[in-house]
$ cat upload_3.cif   # mmCIF, C-alpha atoms
data_final
loop_
_atom_site.label_atom_id
_atom_site.label_comp_id
_atom_site.auth_asym_id
_atom_site.auth_seq_id
_atom_site.Cartn_x
_atom_site.Cartn_y
_atom_site.Cartn_z
CA MET O 1 11.08 23.39 9.73
CA ARG O 2 8.54 25.74 8.18
CA ASN O 3 5.25 26.38 9.91
CA ALA O 4 2.54 24.01 8.67
CA ARG O 5 0.52 26.95 7.32
CA SER O 6 3.35 27.96 4.98
CA TYR O 7 4.62 24.50 4.08
CA PHE O 8 3.15 24.68 0.56
CA ALA O 9 4.07 28.32 -0.10
CA PRO O 10 6.55 28.92 -2.97
CA LEU O 11 10.06 29.73 -1.74
CA ALA O 12 10.68 32.44 -4.33
CA ILE O 13 8.54 35.13 -5.89
CA GLY O 14 7.32 33.85 -9.25
CA ALA O 15 8.11 30.20 -8.53
CA PRO O 16 5.37 27.65 -9.30
CA GLN O 17 3.11 26.36 -6.55
CA PRO O 18 4.52 23.25 -4.84
CA VAL O 19 2.66 20.01 -5.46
CA ARG O 20 0.42 18.75 -2.68
CA GLU O 21 0.56 15.12 -3.78
CA ILE O 22 3.44 13.37 -5.52
CA PRO O 23 2.36 12.00 -8.93
CA VAL O 24 2.08 8.22 -9.06
CA THR O 25 3.64 6.97 -12.29
CA PRO O 26 5.40 3.74 -13.32
CA SER O 27 8.94 3.79 -11.93
CA ARG O 28 9.94 0.16 -11.67
CA MET O 29 13.41 1.09 -12.83
CA ILE O 30 15.36 4.36 -12.91
CA HIS O 31 17.74 3.71 -15.80
CA PHE O 32 21.08 5.53 -15.57
CA PHE O 33 23.05 6.70 -18.59
CA ASP O 34 26.24 8.71 -19.06
CA PRO O 35 25.32 11.87 -20.99
CA SER O 36 28.97 12.62 -21.74
CA ASN O 37 29.00 9.59 -24.06
CA ALA O 38 27.78 10.62 -27.53
CA LYS O 39 27.07 7.01 -28.50
CA LEU O 40 24.79 6.57 -25.47
CA ARG O 41 23.06 9.87 -26.18
CA GLY O 42 22.15 8.50 -29.58
CA LYS O 43 20.47 5.51 -27.90
CA VAL O 44 18.37 7.62 -25.55
CA PRO O 45 15.11 7.24 -27.53
CA ASP O 46 15.47 3.45 -27.45
CA MET O 47 16.29 3.51 -23.72
CA ALA O 48 13.27 5.71 -23.09
CA ARG O 49 10.99 3.22 -24.81
CA SER O 50 12.09 0.37 -22.54
CA ALA O 51 12.60 2.17 -19.21
CA ASP O 52 10.03 3.72 -16.88
CA VAL O 53 12.39 6.56 -15.89
CA LEU O 54 15.53 7.79 -17.66
CA LEU O 55 18.25 9.45 -15.59
CA GLY O 56 21.21 11.43 -16.88
CA ASN O 57 23.98 10.77 -14.37
CA LEU O 58 26.39 13.58 -13.51
CA GLU O 59 27.93 12.24 -10.28
CA ASP O 60 29.72 8.95 -9.46
CA ALA O 61 30.97 6.98 -12.49
CA ILE O 62 31.51 10.27 -14.38
CA ALA O 63 35.20 11.21 -14.35
CA ALA O 64 36.12 14.69 -13.10
CA ASP O 65 37.38 15.74 -16.52
CA LYS O 66 34.02 14.76 -18.08
CA LYS O 67 31.68 16.50 -15.63
CA GLU O 68 31.08 19.51 -17.86
CA ALA O 69 30.67 17.34 -20.95
CA ALA O 70 28.09 15.24 -19.11
CA ARG O 71 26.15 18.34 -18.10
CA ALA O 72 26.22 19.69 -21.67
CA GLY O 73 25.23 16.28 -23.03
CA LEU O 74 22.21 16.14 -20.72
CA VAL O 75 21.13 19.58 -21.92
CA GLU O 76 21.35 18.27 -25.48
CA VAL O 77 19.19 15.25 -24.56
CA GLY O 78 16.62 17.46 -22.86
CA ARG O 79 16.38 19.75 -25.87
CA GLU O 80 16.55 17.28 -28.74
CA ALA O 81 15.76 13.67 -27.75
CA ASP O 82 12.32 12.16 -28.26
CA LEU O 83 11.60 10.51 -24.92
CA GLY O 84 8.05 9.55 -25.81
CA GLY O 85 6.68 10.70 -22.48
CA THR O 86 9.26 8.87 -20.34
CA PRO O 87 10.23 11.12 -17.39
CA LEU O 88 13.73 12.62 -17.44
CA TRP O 89 15.64 12.78 -14.15
CA THR O 90 19.19 13.73 -13.27
CA ARG O 91 21.59 12.91 -10.46
CA ILE O 92 23.60 16.04 -9.74
CA ASN O 93 27.01 16.06 -8.09
CA ALA O 94 27.32 16.12 -4.31
CA LEU O 95 26.47 19.48 -2.74
CA GLU O 96 30.01 19.98 -1.43
CA SER O 97 31.52 19.38 -4.88
CA PRO O 98 32.66 22.18 -7.25
CA TRP O 99 30.04 21.10 -9.83
CA ALA O 100 26.72 20.96 -7.97
CA LEU O 101 25.82 24.65 -8.25
CA ASP O 102 26.52 24.75 -11.99
CA ASP O 103 24.58 21.49 -12.42
CA LEU O 104 21.45 23.04 -10.94
CA VAL O 105 21.77 26.48 -12.55
CA THR O 106 22.45 25.07 -16.01
CA LEU O 107 19.90 22.29 -16.03
CA VAL O 108 17.00 24.26 -14.56
CA THR O 109 17.52 27.30 -16.78
CA GLU O 110 18.25 25.29 -19.95
CA ILE O 111 15.93 22.26 -19.73
CA GLY O 112 13.88 22.83 -16.60
CA SER O 113 10.62 22.47 -18.48
CA VAL O 114 11.41 18.82 -19.34
CA LEU O 115 13.29 17.86 -16.17
CA ASP O 116 11.05 16.04 -13.70
CA VAL O 117 13.27 15.15 -10.75
CA VAL O 118 16.68 16.13 -9.37
CA MET O 119 18.37 13.33 -7.45
CA VAL O 120 20.61 14.66 -4.67
CA PRO O 121 23.44 12.38 -3.46
CA LYS O 122 24.68 11.91 0.10
CA VAL O 123 21.81 13.75 1.78
CA GLU O 124 22.56 13.92 5.50
CA GLY O 125 19.77 16.11 6.86
CA VAL O 126 17.00 18.57 6.17
CA GLU O 127 19.49 21.38 5.58
CA ASP O 128 20.63 19.72 2.34
CA ILE O 129 17.05 19.50 1.08
CA HIS O 130 16.25 23.06 2.19
CA TYR O 131 19.23 24.40 0.24
CA VAL O 132 18.24 22.64 -2.99
CA ASP O 133 14.57 23.50 -2.42
CA ARG O 134 15.21 27.25 -2.20
CA LEU O 135 17.67 27.30 -5.08
CA LEU O 136 15.28 25.40 -7.34
CA ALA O 137 12.51 27.88 -6.53
CA GLN O 138 14.74 30.83 -7.46
CA LEU O 139 15.82 29.20 -10.72
CA GLU O 140 12.25 28.18 -11.59
CA ALA O 141 11.13 31.77 -11.08
CA ARG O 142 13.97 33.08 -13.27
CA SER O 143 13.07 30.55 -15.98
CA GLU O 144 9.31 31.14 -15.63
CA LEU O 145 8.65 27.44 -15.21
CA GLN O 146 5.03 26.42 -14.76
CA ARG O 147 5.59 23.35 -12.59
CA PRO O 148 8.05 22.58 -9.79
CA ILE O 149 10.96 20.18 -10.23
CA LEU O 150 10.87 17.46 -7.58
CA ILE O 151 13.71 16.26 -5.33
CA HIS O 152 14.85 12.68 -4.76
CA ALA O 153 17.34 12.00 -1.95
CA ILE O 154 19.93 9.23 -1.86
CA LEU O 155 20.44 7.58 1.53
CA GLU O 156 24.15 6.78 1.60
CA THR O 157 25.60 7.94 4.91
CA ALA O 158 25.02 6.90 8.50
CA GLN O 159 23.95 10.48 9.26
CA GLY O 160 21.38 10.33 6.50
CA VAL O 161 19.90 7.09 7.86
CA ALA O 162 19.73 8.65 11.33
CA ASN O 163 17.73 11.57 9.87
CA VAL O 164 15.70 9.73 7.23
CA GLU O 165 12.29 10.55 8.72
CA GLU O 166 13.04 14.29 8.76
CA ILE O 167 14.54 14.15 5.25
CA ALA O 168 11.37 12.52 3.90
CA THR O 169 9.23 15.46 5.07
CA ALA O 170 11.76 18.27 4.49
CA SER O 171 9.96 19.74 1.45
CA PRO O 172 6.80 19.30 -0.61
CA ARG O 173 9.22 18.67 -3.50
CA MET O 174 10.32 15.34 -2.00
CA GLN O 175 9.50 12.64 -4.55
CA GLY O 176 11.29 9.73 -2.92
CA ILE O 177 14.44 8.25 -1.42
CA SER O 178 16.87 5.64 -2.79
CA LEU O 179 19.23 3.37 -0.90
CA GLY O 180 22.86 4.01 -1.87
CA PRO O 181 24.58 0.87 -0.54
CA ALA O 182 28.19 1.48 -1.61
CA ASP O 183 28.72 4.87 0.03
CA LEU O 184 26.59 3.80 2.99
CA ALA O 185 28.80 0.76 3.51
CA ALA O 186 31.87 3.01 3.60
CA SER O 187 30.19 5.49 5.94
CA ARG O 188 29.30 2.69 8.36
CA ARG O 189 32.74 1.05 8.10
CA MET O 190 31.08 -2.11 6.81
CA LYS O 191 33.59 -4.74 5.68
CA THR O 192 32.37 -5.24 2.12
CA THR O 193 33.43 -3.98 -1.27
CA ARG O 194 30.19 -5.05 -2.98
CA VAL O 195 27.72 -2.54 -4.42
CA GLY O 196 24.43 -3.79 -3.01
CA GLY O 197 23.34 -7.35 -2.52
CA GLY O 198 24.32 -9.77 0.22
CA HIS O 199 27.65 -11.03 1.48
CA PRO O 200 28.69 -14.66 2.04
CA GLY O 201 30.07 -13.80 5.46
CA TYR O 202 26.83 -12.30 6.79
CA ARG O 203 25.00 -15.41 7.94
CA VAL O 204 22.97 -17.07 10.67
CA ILE O 205 23.79 -20.61 11.74
CA ALA O 206 21.55 -23.41 12.97
CA ASP O 207 21.86 -24.80 16.48
CA PRO O 208 24.35 -27.64 16.95
CA SER O 209 23.16 -31.20 16.68
CA SER O 210 25.19 -34.34 17.27
CA GLY O 211 27.10 -35.55 14.26
CA ASP O 212 25.53 -33.22 11.74
CA ALA O 213 26.94 -30.23 9.92
CA ARG O 214 25.32 -27.00 11.05
CA PRO O 215 23.43 -25.35 8.16
CA SER O 216 23.92 -21.62 7.73
CA TYR O 217 22.06 -19.07 5.64
CA GLN O 218 23.15 -15.81 4.09
CA GLN O 219 21.29 -12.76 5.39
CA ASP O 220 20.44 -9.37 3.86
CA LEU O 221 22.84 -6.61 4.88
CA TRP O 222 20.32 -3.93 3.89
CA HIS O 223 17.13 -5.20 5.52
CA TYR O 224 17.14 -2.73 8.41
CA THR O 225 17.91 0.29 6.26
CA ILE O 226 15.34 -0.59 3.59
CA GLY O 227 12.69 -1.15 6.24
CA ARG O 228 13.37 2.20 7.87
CA MET O 229 13.48 3.99 4.52
CA VAL O 230 10.20 2.40 3.41
CA ASP O 231 8.48 3.45 6.64
CA ALA O 232 9.79 7.03 6.37
CA CYS O 233 8.61 7.30 2.77
CA ALA O 234 5.21 5.73 3.42
CA ALA O 235 4.60 8.07 6.34
CA ALA O 236 5.52 11.08 4.19
CA GLY O 237 3.56 10.03 1.10
CA ILE O 238 6.67 9.65 -1.07
CA PHE O 239 8.33 6.64 -2.74
CA PRO O 240 11.22 4.34 -1.69
CA TYR O 241 13.62 2.72 -4.17
CA TYR O 242 16.39 0.18 -4.00
CA GLY O 243 19.52 1.69 -5.51
CA PRO O 244 22.24 0.05 -7.62
CA PHE O 245 23.19 -3.61 -7.83
CA GLY O 246 26.77 -3.42 -9.02
CA ASP O 247 27.47 -6.96 -10.25
CA ILE O 248 25.92 -6.72 -13.71
CA LYS O 249 26.70 -10.38 -14.51
CA ASP O 250 24.95 -11.71 -11.40
CA GLU O 251 21.40 -11.58 -12.72
CA VAL O 252 20.14 -14.09 -10.15
CA GLY O 253 21.55 -12.10 -7.24
CA CYS O 254 20.19 -8.88 -8.69
CA GLU O 255 16.71 -10.33 -9.04
CA ALA O 256 16.78 -11.68 -5.48
CA GLN O 257 17.80 -8.30 -4.05
CA PHE O 258 15.25 -6.41 -6.13
CA ARG O 259 12.52 -8.85 -5.09
CA ALA O 260 13.32 -8.50 -1.40
CA ALA O 261 13.09 -4.71 -1.76
CA TYR O 262 9.82 -5.01 -3.73
CA LEU O 263 8.23 -7.24 -1.10
CA MET O 264 9.27 -4.79 1.64
CA GLY O 265 7.56 -1.89 -0.14
CA CYS O 266 10.02 -0.37 -2.61
CA VAL O 267 8.39 0.76 -5.86
CA GLY O 268 11.47 0.35 -8.06
CA ALA O 269 15.25 0.12 -8.30
CA TRP O 270 18.11 1.60 -10.29
CA SER O 271 19.20 -0.12 -13.50
CA LEU O 272 22.80 0.32 -14.59
CA HIS O 273 22.67 -1.93 -17.66
CA PRO O 274 19.89 -2.87 -20.10
CA VAL O 275 19.71 -6.40 -18.65
CA GLN O 276 18.64 -4.90 -15.31
CA ILE O 277 15.72 -3.10 -16.97
CA GLY O 278 14.17 -6.46 -17.74
CA ILE O 279 14.86 -7.74 -14.22
CA ALA O 280 13.27 -4.68 -12.60
CA LYS O 281 10.29 -4.82 -14.95
CA ARG O 282 9.71 -8.44 -14.01
CA VAL O 283 10.23 -8.01 -10.27
CA PHE O 284 8.35 -4.75 -9.66
CA SER O 285 5.31 -5.81 -11.67
CA PRO O 286 2.92 -7.82 -9.45
CA GLU O 287 2.56 -11.53 -10.17
CA VAL O 288 -0.36 -12.32 -12.47
CA ASP O 289 -1.91 -14.87 -10.09
CA GLU O 290 -1.67 -12.42 -7.17
CA VAL O 291 -3.38 -9.68 -9.16
CA ARG O 292 -6.18 -11.98 -10.25
CA PHE O 293 -6.74 -13.15 -6.67
CA ALA O 294 -6.63 -9.55 -5.43
CA LYS O 295 -9.30 -8.64 -8.00
CA ARG O 296 -11.49 -11.41 -6.62
CA VAL O 297 -11.05 -10.02 -3.10
CA LEU O 298 -12.17 -6.57 -4.23
CA GLU O 299 -15.14 -8.06 -6.07
CA ALA O 300 -16.14 -10.11 -3.03
CA ILE O 301 -15.92 -7.13 -0.65
CA PRO O 302 -16.66 -4.09 -2.87
CA ASP O 303 -16.76 -1.55 -0.04
CA GLY O 304 -13.95 -3.09 2.00
CA SER O 305 -16.15 -3.90 4.98
CA GLY O 306 -17.21 -7.16 6.54
CA VAL O 307 -15.66 -10.61 6.37
CA HIS O 308 -15.67 -13.02 3.44
CA MET O 309 -14.23 -16.50 2.90
CA LEU O 310 -12.42 -16.97 -0.43
CA ASP O 311 -10.76 -20.28 -1.30
CA GLY O 312 -10.82 -21.17 2.38
CA LYS O 313 -9.03 -17.96 3.38
CA MET O 314 -10.58 -15.22 5.48
CA GLN O 315 -10.72 -11.82 3.81
CA ASP O 316 -11.47 -8.65 5.76
CA ASP O 317 -10.68 -4.92 5.80
CA ALA O 318 -6.93 -5.51 6.13
CA THR O 319 -6.67 -7.97 3.25
CA TRP O 320 -8.94 -5.71 1.16
CA LYS O 321 -6.36 -2.93 1.59
CA GLN O 322 -3.56 -5.29 0.56
CA ALA O 323 -5.54 -6.34 -2.50
CA LYS O 324 -6.21 -2.74 -3.46
CA VAL O 325 -2.48 -1.91 -3.37
CA LEU O 326 -1.81 -4.73 -5.85
CA VAL O 327 -4.72 -3.97 -8.16
CA ASP O 328 -3.99 -0.23 -8.22
CA LEU O 329 -0.34 -0.90 -9.12
CA ALA O 330 -1.31 -3.46 -11.78
CA THR O 331 -3.84 -1.06 -13.29
CA MET O 332 -1.26 1.72 -13.55
CA LEU O 333 1.34 -0.58 -15.15
CA ALA O 334 -1.24 -2.05 -17.54
CA ARG O 335 -1.76 1.41 -19.07
CA LYS O 336 1.92 1.41 -20.06
CA ASP O 337 2.38 -2.27 -20.95
CA GLU O 338 -0.07 -4.04 -23.28
CA GLU O 339 1.30 -7.48 -22.40
CA LEU O 340 0.70 -6.86 -18.70
CA ALA O 341 -2.77 -5.51 -19.40
CA GLU O 342 -3.69 -8.73 -21.19
CA ALA O 343 -2.11 -10.93 -18.51
CA TYR O 344 -3.85 -9.09 -15.69
CA GLY O 345 -7.18 -9.02 -17.52
CA LEU O 346 -7.33 -5.22 -17.20
#
$ encode --input "upload_3.cif" --output "structure tokens"
Amino acid sequence: MRNARSYFAPLAIGAPQPVREIPVTPSRMIHFFDPSNAKLRGKVPDMARSADVLLGNLEDAIAADKKEAARAGLVEVGREADLGGTPLWTRINALESPWALDDLVTLVTEIGSVLDVVMVPKVEGVEDIHYVDRLLAQLEARSELQRPILIHAILETAQGVANVEEIATASPRMQGISLGPADLAASRRMKTTRVGGGHPGYRVIADPSSGDARPSYQQDLWHYTIGRMVDACAAAGIFPYYGPFGDIKDEVGCEAQFRAAYLMGCVGAWSLHPVQIGIAKRVFSPEVDEVRFAKRVLEAIPDGSGVHMLDGKMQDDATWKQAKVLVDLATMLARKDEELAEAYGL
């Protein structure tokens, strides 16, 4: 690790100064699209209007013979599409693949000025982040970019989970971390072929009682990993995300998984289909009643000190902090969404 005194020093001569605080912007859903598909490229402006973040995917789900077309298609999007202010991200290919280097060189030099975040798959340790960090700095300097491109890591190997705290603080470029459940399941030798979500076999069972069936309840396979990822991100001042929910038709299951991640501290999730944009928008926007109650808490304790009774419930410094998290998030989302602004009374 770099010495603390040089942590925020650029890694290449002429590279922009690293950010000292990660920008807080709406990112309830990171919407993936295949830039090799000309029809989808034509829909990018519409996707950008409905999604908080738009991501051109170059890795999994892009066939090997379409990798170069996807890269070229993303360059076209970056140069020509009207995104209306929606951030543009990309997921590059894995660092050990034959495409990752060309992904970074091409995208940074061709559309680096409009590319906000590079998502790096299968990050296993700080060395992966350090490699991308230095290379981005060199390419930014070559392209005379005025702001740094941020890095987002995907947590999808057992080694990555073991090193998640170090990964979160590996670079000032770190924007956040996403859970990648499919590859993580394979890495852990988990006995599931599902992409995210629960499993009917992963259950707890009630104690036996005479003559009665023993109720059982499905549990969340990803609870431990999400909790650890959320803590690592919160400690580092970056943002945690739930990754993909693969069963597009299971809207109820998708919403339940997204909501569990939201309640645990995730700020958003991936959307793989337009229907999941609506689910993520609904789940990762605070409930109207909760926001209104949180506003009352802040009004009752303006400076966050002391104790106050509200509707028979004690409010103090700790609940003031909880209320502020909700109101700050609602205020940010209200600037983007007029319907939410009206519902929240903001």
$ atom_distance --input "upload_3.cif" --atom1 "CA of Pro35 in chain O" --atom2 "CA of Asp116 in chain O"
16.6 Å
$ residues_around --input "upload_3.cif" --residues "range 209-218 of chain O" --least-positions-apart "5" --cutoff "10 Å" --atoms "all atoms listed in the file" --output "PDB file with C-alpha atoms, in the coordinates of the input"
ATOM      1  CA  GLY O 198      24.320  -9.770   0.220  1.00  0.00           C
ATOM      2  CA  HIS O 199      27.650 -11.030   1.480  1.00  0.00           C
ATOM      3  CA  PRO O 200      28.690 -14.660   2.040  1.00  0.00           C
ATOM      4  CA  GLY O 201      30.070 -13.800   5.460  1.00  0.00           C
ATOM      5  CA  TYR O 202      26.830 -12.300   6.790  1.00  0.00           C
ATOM      6  CA  ARG O 203      25.000 -15.410   7.940  1.00  0.00           C
ATOM      7  CA  VAL O 204      22.970 -17.070  10.670  1.00  0.00           C
TER       8      VAL O 204
END
$ resolve_selection --input "upload_3.cif" --expression "the PyMOL selection byres ((chain O and resi 71) around 12)" --output "short mmCIF file (atom, residue, chain, number, x, y, z; two decimals) with C-alpha atoms, in the frame of the given file"
data_model
loop_
_atom_site.label_atom_id
_atom_site.label_comp_id
_atom_site.auth_asym_id
_atom_site.auth_seq_id
_atom_site.Cartn_x
_atom_site.Cartn_y
_atom_site.Cartn_z
CA ASP O 34 26.24 8.71 -19.06
CA PRO O 35 25.32 11.87 -20.99
CA SER O 36 28.97 12.62 -21.74
CA ASN O 37 29.00 9.59 -24.06
CA GLY O 56 21.21 11.43 -16.88
CA ASN O 57 23.98 10.77 -14.37
CA LEU O 58 26.39 13.58 -13.51
CA GLU O 59 27.93 12.24 -10.28
CA ILE O 62 31.51 10.27 -14.38
CA ALA O 64 36.12 14.69 -13.10
CA ASP O 65 37.38 15.74 -16.52
CA LYS O 66 34.02 14.76 -18.08
CA LYS O 67 31.68 16.50 -15.63
CA GLU O 68 31.08 19.51 -17.86
CA ALA O 69 30.67 17.34 -20.95
CA ALA O 70 28.09 15.24 -19.11
CA ALA O 72 26.22 19.69 -21.67
CA GLY O 73 25.23 16.28 -23.03
CA LEU O 74 22.21 16.14 -20.72
CA VAL O 75 21.13 19.58 -21.92
CA GLU O 76 21.35 18.27 -25.48
CA VAL O 77 19.19 15.25 -24.56
CA GLY O 78 16.62 17.46 -22.86
CA THR O 90 19.19 13.73 -13.27
CA ARG O 91 21.59 12.91 -10.46
CA ILE O 92 23.60 16.04 -9.74
CA ASN O 93 27.01 16.06 -8.09
CA TRP O 99 30.04 21.10 -9.83
CA ALA O 100 26.72 20.96 -7.97
CA LEU O 101 25.82 24.65 -8.25
CA ASP O 102 26.52 24.75 -11.99
CA ASP O 103 24.58 21.49 -12.42
CA LEU O 104 21.45 23.04 -10.94
CA VAL O 105 21.77 26.48 -12.55
CA THR O 106 22.45 25.07 -16.01
CA LEU O 107 19.90 22.29 -16.03
CA VAL O 108 17.00 24.26 -14.56
CA GLU O 110 18.25 25.29 -19.95
CA ILE O 111 15.93 22.26 -19.73
#
$ resolve_selection --input "upload_3.cif" --expression "the PyMOL selection byres ((chain O and resi 272) around 12)" --output "VMD selection string"
chain O and resid 29 to 34 47 51 54 to 57 61 195 243 to 249 254 269 to 271 273 to 280
$ resolve_selection --input "upload_3.cif" --expression "the PyMOL selection byres ((chain O and resi 232) around 9)" --output "list in words"
Val164, Glu165, Glu166, Ile167, Ala168, Thr169, Gly227, Arg228, Met229, Val230, Asp231, Cys233, Ala234, Ala235, Ala236, Gly237, Ile238 and Pro240 of chain O
$ atom_distance --input "upload_3.cif" --atom1 "CA of Lys122 in chain O" --atom2 "CA of Lys191 in chain O"
19.7 Å
$ decode --input "upload_3.cif" --residues "range 205-248 of chain O" --atoms "C-alpha atoms" --output "mmCIF file, in the first residue's frame"
data_model
loop_
_atom_site.group_PDB
_atom_site.id
_atom_site.type_symbol
_atom_site.label_atom_id
_atom_site.label_comp_id
_atom_site.auth_asym_id
_atom_site.auth_seq_id
_atom_site.Cartn_x
_atom_site.Cartn_y
_atom_site.Cartn_z
ATOM 1 C CA ILE O 205 -36.598 -25.600 10.324
ATOM 2 C CA ALA O 206 -38.705 -25.135 13.443
ATOM 3 C CA ASP O 207 -38.258 -27.354 16.486
ATOM 4 C CA PRO O 208 -40.310 -30.562 16.527
ATOM 5 C CA SER O 209 -43.684 -30.581 18.205
ATOM 6 C CA SER O 210 -45.978 -33.541 18.690
ATOM 7 C CA GLY O 211 -48.271 -34.233 15.782
ATOM 8 C CA ASP O 212 -47.538 -31.077 13.851
ATOM 9 C CA ALA O 213 -45.620 -30.525 10.644
ATOM 10 C CA ARG O 214 -42.406 -28.627 11.235
ATOM 11 C CA PRO O 215 -42.476 -25.251 9.424
ATOM 12 C CA SER O 216 -39.347 -24.295 7.513
ATOM 13 C CA TYR O 217 -38.244 -21.006 5.990
ATOM 14 C CA GLN O 218 -35.999 -20.221 3.067
ATOM 15 C CA GLN O 219 -32.880 -18.245 3.978
ATOM 16 C CA ASP O 220 -30.693 -15.782 2.054
ATOM 17 C CA LEU O 221 -27.562 -17.370 0.601
ATOM 18 C CA TRP O 222 -25.895 -13.968 0.225
ATOM 19 C CA HIS O 223 -26.560 -12.387 3.617
ATOM 20 C CA TYR O 224 -23.036 -12.854 4.978
ATOM 21 C CA THR O 225 -21.312 -11.611 1.846
ATOM 22 C CA ILE O 226 -23.561 -8.569 1.454
ATOM 23 C CA GLY O 227 -23.070 -7.666 5.101
ATOM 24 C CA ARG O 228 -19.299 -7.877 4.816
ATOM 25 C CA MET O 229 -19.270 -5.948 1.538
ATOM 26 C CA VAL O 230 -21.494 -3.205 2.985
ATOM 27 C CA ASP O 231 -19.227 -2.813 6.013
ATOM 28 C CA ALA O 232 -16.085 -2.663 3.854
ATOM 29 C CA CYS O 233 -17.629 -0.026 1.599
ATOM 30 C CA ALA O 234 -19.028 2.062 4.455
ATOM 31 C CA ALA O 235 -15.663 2.052 6.208
ATOM 32 C CA ALA O 236 -13.925 3.166 3.003
ATOM 33 C CA GLY O 237 -16.473 5.822 2.021
ATOM 34 C CA ILE O 238 -17.532 4.020 -1.166
ATOM 35 C CA PHE O 239 -20.796 2.384 -2.270
ATOM 36 C CA PRO O 240 -22.067 -1.240 -2.180
ATOM 37 C CA TYR O 241 -24.417 -2.711 -4.795
ATOM 38 C CA TYR O 242 -26.323 -5.927 -5.231
ATOM 39 C CA GLY O 243 -25.402 -7.437 -8.587
ATOM 40 C CA PRO O 244 -27.572 -9.336 -11.073
ATOM 41 C CA PHE O 245 -30.804 -11.215 -10.452
ATOM 42 C CA GLY O 246 -30.854 -13.650 -13.331
ATOM 43 C CA ASP O 247 -34.474 -14.846 -13.405
ATOM 44 C CA ILE O 248 -36.023 -11.964 -15.341
#
